[in-house]
Amino acid sequence: MDSIMNPFSSSTHLRDLIRAVRACKTAAEERAAIRKECASIRAAISENDQDYRHRNLAKLMFIHMLGYPTHFGQMECLKLIASPGFPEKRIGYLGLMLLLDERQEVLMLVTNSIKQDLNHTNQYIVGLALCALGNICSAEMARDLAPEVERLLQFRDPNIRKKAALCTIRIMKKVPDLAENFINPAVALLKEKHHGVLLTGVQLCMDMCKVSTEALEHFRKNCIGILVKVLKDLANSSYAPEYDISGISDPFLHIRLLKLLRELGQGDPDASDNMNDILAQVATKTESNKNTGNAILYECVATIMSLEDNSGLRVLAVNILGRFLSSRDNNIRYVALNMLMKAIILDSQAVQRHRATILECVKDSDASIRKRALELVYLLINESNVKSLTKELVDYLEVCDPEFKGELSTKICSIVEKFSPEKIWYIDQMLKVLSEAGNYVKDEVWHALIVVITNASDLHGYTVRSLYKTVQTAGEQETLARVAVWCIGEYGELLVSNAGMLGVEDPVTVTEVDAVDVVETVIQRHSADLTTRAMCLIALLKLSSRFPSCSKRINDIVIHQKGSLVLELQQRAIEFNSIIEKHGRIRSALVERMPVLDEATYSGRRAGSVPPAFSTSEGVPSKIPKGVAKPTSAPLVDLLDLSSDEIPGPSSSDGAFLQDLLGVDLPSSSQGTNRTQNNGTNVLLDLLSIGTPPSQSQSDSSPFDILQSGKDNKTSVTVLDNLASNSAPSAKTFSPVGSSSMMDLLDGFGPSSSAPETNGPSYPSIVAFESSSLKLTFNFSKEPGNLQSTLIEAEFMNKSPDIYSNFVFQTAVPKFLQLHLDPASSSSLPASGNGSITQKLRVSNSQHGKKPLVMRIRINYNVNGKDVLEEGQINNFPHEL
């Protein structure tokens, strides 16, 4: 009646608690039910209720499995374990394994009870103690109870011996020093007839080999013959219903024996010789039409691959893996490919025989198998088979799924680059890859192709003609279009004149108009990105010199880009249009062919062995023809003749090549004038520099860490961290030079050069900064005989109808510059250009002639009660300064 009235009394059965919990509709109801049951169990514990102790512990284990705390019932486990009856001990040991672990201090109290149960006359109680000890044994318990477990390894009942062997594994893992005490009992277990005991004995020997070198050597000397005999008997045994699985007797014991033989034979030629015959027998007699047989064959192959040299067995093992590759089961093929990747290191010729099957796996519908097979093909390729295997992979590239094209094209490019027998074959294969998967090819791949093309002087005509043909049919591939445009710009005259025609080529007629058509098509394509269009503009500039008859048409295309919404393209178009229209005398010098790049240097840089940037402190760079400085650490900048001692590469990674090549993908590329100028010896190189190198290129550490201000009629120096960052000012705040008043960058080089100097050097004024409301102009002068020092007069003009008050001008320069600011003429700037504020600066350049002036500015003012901040970077100082 109590049980009916109170479903949570101590006499409640476990099944009643389970029903009550399952009847709960919400988590809150469940928590309330658990709280009531726990309260009832606590009351029973405090009353020392012995009649229902085992029932309460069973309910505690269920509550523990639900995730609720049950620490208050731990001592009940110990009391039940100390009980004389088997049912109570069974619940007690089960609770001990579930509610406690080896980290609990209370566990030390149960050591004596376990020791007594290990010596109990009832074998079932002994089994309970062994099972608990094998699950929660700590290092202290292992030392205390190891003698009892060692004795039980020779117990009369096989189930006890089996549990003692498993318990020994736990003891050895906790205290490896005890392993030597169990060597002889473990050897005795290998002679057992009972499969369960034999299985645990083999596992015990494997674990002993891992923790004890002494045990490993002992088993090698004394146990290999025993194991070979057991495995032979097992392989030749007749049908036994209790052990048979799919026609194979005890495959689990098969696999454990093979694993132990692998452990013993590895690194020992004598041991390997002793097991060769049985391994060959297992490999040839085991049926492979069922998964059980395949599992044994796989372990046999793994064992053969781990043994010392035996070429005959290895060929047999590789042939088994070859049969696995023909299986319909994806899992079997996958493990076979994994094993073949290990086997190729040991016997490459044996794996080569299955090359055709492996290639078929590259075309498998399963993505994981395709990936593994592709990695294996990559390992199989050598100088003798590179052409045939590459052809197979390129053919598959045409029809493979789009999601696989990226990985496959990367592997093909790596193979071609690594094993290319000749440059013409390399170029042909790369063009095939670019035409099929150009949009999936990484940047460093086509960068490397351009480097190879520049070095193959006898193939320039062949390459540009091949690219011309290919781009006609696969022009939508972005990477292919870039390489084609670059080559047409460099070698356009070879394309038109059919110079350097090879015997393998078909004659092709290309006019100057056709060559320009290709570049125009690419630049007008909507899918073309900034990098591609920038390369097209440079190619057009070069073609304007190579094809004078098309100069007007090319100029029209360039002029069209002056209206581009991309500031970078707009600026390039303005500059190139100026070159074409006003500076024909120097255009041919500007667009000379690129110098040959050093392939070894580029390869070294990709491998990380060449520093990514050249530093002027490391000495003068080597010279290349025509006297252009060529930093060996950044050869890809030279590719477009954009090299400069003052522009180190952004990073050593391959991804930085694009920035080195065109500089158009840098974060601050949208700011047209936010560019570090080259040294004064070569303004022409700067004219073609595209993009914005990082501001760090101007100093060894933080480039702009000293900020000076002329506020309150005195000079103050503060540190402004955010001016030292690489981030460019907002386009809304900082308008680049030339956006409103275009300055001819080539003044002094063309027909419109300035008048000769009369009373000493003079320097043109520059618009250093201009926004929608503010304009800053710099006027320059130098003291006679002091070339390092420059006097700058800054003039600020307000274009808005509001007066600017509290006007403060601040500036930061790199460490190689020293700056002094005089007080400003006023702190109030009149509106609508009706007046100006002037402020004088003196800059001393310790690297005069090597590094140009560069400056970051910050302007603060108050307008209509609101503080306004404008900032920017000035890079367009005259080079002579």
# chains A, B, ... in the order shown; residues from 1 in each chain; ligands from 1

$ select_by_dssp --residues "stretch 118-265 of chain A" --states "strand (DSSP E)" --output "list in words"
Asp244, Ile245, Ile248 and Ser249 of chain A

$ write_last_selection --atoms "all heavy atoms" --output "PDB file, in the first residue's frame"
ATOM      1  N   ASP A 244      32.682 -20.134 -36.253  1.00  0.00           N
ATOM      2  CA  ASP A 244      32.621 -19.878 -37.691  1.00  0.00           C
ATOM      3  C   ASP A 244      31.845 -18.600 -38.002  1.00  0.00           C
ATOM      4  O   ASP A 244      30.765 -18.362 -37.461  1.00  0.00           O
ATOM      5  CB  ASP A 244      31.954 -21.051 -38.409  1.00  0.00           C
ATOM      6  CG  ASP A 244      31.969 -20.878 -39.913  1.00  0.00           C
ATOM      7  OD1 ASP A 244      32.998 -21.213 -40.533  1.00  0.00           O
ATOM      8  OD2 ASP A 244      30.961 -20.379 -40.460  1.00  0.00           O
ATOM      9  N   ILE A 245      32.430 -17.753 -38.862  1.00  0.00           N
ATOM     10  CA  ILE A 245      31.749 -16.570 -39.383  1.00  0.00           C
ATOM     11  C   ILE A 245      32.007 -16.521 -40.884  1.00  0.00           C
ATOM     12  O   ILE A 245      33.152 -16.378 -41.328  1.00  0.00           O
ATOM     13  CB  ILE A 245      32.262 -15.267 -38.726  1.00  0.00           C
ATOM     14  CG1 ILE A 245      32.005 -15.287 -37.218  1.00  0.00           C
ATOM     15  CG2 ILE A 245      31.607 -14.050 -39.368  1.00  0.00           C
ATOM     16  CD1 ILE A 245      32.526 -14.062 -36.502  1.00  0.00           C
ATOM     17  N   ILE A 248      34.763 -18.815 -42.196  1.00  0.00           N
ATOM     18  CA  ILE A 248      36.117 -18.631 -41.668  1.00  0.00           C
ATOM     19  C   ILE A 248      36.081 -18.836 -40.163  1.00  0.00           C
ATOM     20  O   ILE A 248      35.227 -18.281 -39.462  1.00  0.00           O
ATOM     21  CB  ILE A 248      36.656 -17.232 -42.012  1.00  0.00           C
ATOM     22  CG1 ILE A 248      36.800 -17.101 -43.537  1.00  0.00           C
ATOM     23  CG2 ILE A 248      37.997 -16.982 -41.336  1.00  0.00           C
ATOM     24  CD1 ILE A 248      37.259 -15.746 -43.990  1.00  0.00           C
ATOM     25  N   SER A 249      37.006 -19.625 -39.678  1.00  0.00           N
ATOM     26  CA  SER A 249      37.039 -19.946 -38.256  1.00  0.00           C
ATOM     27  C   SER A 249      37.658 -18.794 -37.463  1.00  0.00           C
ATOM     28  O   SER A 249      38.825 -18.466 -37.647  1.00  0.00           O
ATOM     29  CB  SER A 249      37.839 -21.238 -38.044  1.00  0.00           C
ATOM     30  OG  SER A 249      37.922 -21.558 -36.675  1.00  0.00           O
TER      31      SER A 249
END

$ residues_around --residues "A:Gly92" --least-positions-apart "6" --cutoff "7 Å" --atoms "only C-alpha atoms" --output "PDB file with all heavy atoms, in the first residue's frame"
ATOM      1  N   CYS A  77      27.683   2.016  -2.422  1.00  0.00           N
ATOM      2  CA  CYS A  77      28.370   1.022  -3.257  1.00  0.00           C
ATOM      3  C   CYS A  77      29.317   0.184  -2.404  1.00  0.00           C
ATOM      4  O   CYS A  77      29.369  -1.053  -2.526  1.00  0.00           O
ATOM      5  CB  CYS A  77      29.151   1.724  -4.372  1.00  0.00           C
ATOM      6  SG  CYS A  77      28.154   2.647  -5.538  1.00  0.00           S
ATOM      7  N   LEU A  78      30.089   0.859  -1.575  1.00  0.00           N
ATOM      8  CA  LEU A  78      31.056   0.145  -0.738  1.00  0.00           C
ATOM      9  C   LEU A  78      30.357  -0.800   0.228  1.00  0.00           C
ATOM     10  O   LEU A  78      30.842  -1.909   0.501  1.00  0.00           O
ATOM     11  CB  LEU A  78      31.919   1.152   0.028  1.00  0.00           C
ATOM     12  CG  LEU A  78      33.136   1.725  -0.729  1.00  0.00           C
ATOM     13  CD1 LEU A  78      32.741   2.485  -1.976  1.00  0.00           C
ATOM     14  CD2 LEU A  78      33.955   2.636   0.177  1.00  0.00           C
ATOM     15  N   LEU A  80      27.445  -2.291  -0.206  1.00  0.00           N
ATOM     16  CA  LEU A  80      26.936  -3.445  -0.943  1.00  0.00           C
ATOM     17  C   LEU A  80      28.056  -4.400  -1.339  1.00  0.00           C
ATOM     18  O   LEU A  80      27.879  -5.622  -1.350  1.00  0.00           O
ATOM     19  CB  LEU A  80      26.176  -2.986  -2.181  1.00  0.00           C
ATOM     20  CG  LEU A  80      24.772  -2.422  -1.945  1.00  0.00           C
ATOM     21  CD1 LEU A  80      24.197  -1.865  -3.233  1.00  0.00           C
ATOM     22  CD2 LEU A  80      23.839  -3.512  -1.390  1.00  0.00           C
ATOM     23  N   ILE A  81      29.236  -3.836  -1.713  1.00  0.00           N
ATOM     24  CA  ILE A  81      30.375  -4.692  -2.073  1.00  0.00           C
ATOM     25  C   ILE A  81      30.811  -5.517  -0.867  1.00  0.00           C
ATOM     26  O   ILE A  81      31.215  -6.683  -1.003  1.00  0.00           O
ATOM     27  CB  ILE A  81      31.531  -3.823  -2.598  1.00  0.00           C
ATOM     28  CG1 ILE A  81      31.174  -3.250  -3.980  1.00  0.00           C
ATOM     29  CG2 ILE A  81      32.826  -4.624  -2.691  1.00  0.00           C
ATOM     30  CD1 ILE A  81      32.160  -2.244  -4.513  1.00  0.00           C
TER      31      ILE A  81
END

$ residues_around --residues "A:Val362" --least-positions-apart "3" --cutoff "9 Å" --atoms "only C-alpha atoms" --output "PyMOL selection string"
chain A and resi 358-359+365+369-374+377+393+396

$ residues_around --residues "A:Lys562" --least-positions-apart "2" --cutoff "6 Å" --atoms "only C-alpha atoms" --output "tab-separated table (two decimals) with N, CA and C atoms, in the first residue's frame"
chain	number	residue	atom	x	y	z
A	559	ILE	N	41.05	55.41	-73.41
A	559	ILE	CA	40.24	56.56	-73.00
A	559	ILE	C	38.91	56.10	-72.42
A	560	HIS	N	38.35	55.03	-72.99
A	560	HIS	CA	37.08	54.51	-72.48
A	560	HIS	C	37.20	54.10	-71.01
A	564	SER	N	36.04	54.51	-65.84
A	564	SER	CA	35.81	53.33	-65.00
A	564	SER	C	35.48	53.73	-63.57
A	570	GLN	N	40.94	53.71	-63.58
A	570	GLN	CA	40.78	55.09	-64.03
A	570	GLN	C	42.12	55.81	-64.06
A	573	ALA	N	44.40	54.45	-66.82
A	573	ALA	CA	43.94	54.89	-68.14
A	573	ALA	C	44.37	56.34	-68.40
A	574	ILE	N	44.25	57.19	-67.39
A	574	ILE	CA	44.66	58.59	-67.54
A	574	ILE	C	46.16	58.69	-67.84

$ closest_residue --among "A:Lys552, A:Lys285, A:Arg328, A:Lys259" --to "A:Lys232" --atoms "only C-alpha atoms"
A:Lys285

$ select_by_dssp --residues "stretch 94-164 of chain A" --states "alpha helix (DSSP H)" --output "PyMOL selection string"
chain A and resi 94-99+111-118+123-136+139-152+158-164

$ closest_residue --among "A:Val187, A:Leu325, A:Leu379, A:Leu431" --to "A:Ser348" --atoms "only C-alpha atoms"
A:Leu379

$ closest_residue --among "A:Val110, A:Leu130, A:Leu57, A:Ala164" --to "A:Gly95" --atoms "only C-alpha atoms"
A:Leu57

$ residues_around --residues "A:Leu260" --least-positions-apart "2" --cutoff "10 Å" --atoms "only C-alpha atoms" --output "NGL selection string"
:A and (202-207 or 209 or 219 or 224 or 227 or 255-258 or 262-265 or 303)

$ residues_around --residues "A:Glu505" --least-positions-apart "4" --cutoff "10 Å" --atoms "only C-alpha atoms" --output "MDAnalysis selection string"
chainID A and resid 462 465:466 501

$ closest_residue --among "A:Arg151, A:Ile183, A:Ala484, A:Leu234" --to "A:His218" --atoms "only C-alpha atoms"
A:Ile183

$ residues_around --residues "A:Lys89" --least-positions-apart "4" --cutoff "12 Å" --atoms "only C-alpha atoms" --output "count of residues only"
28
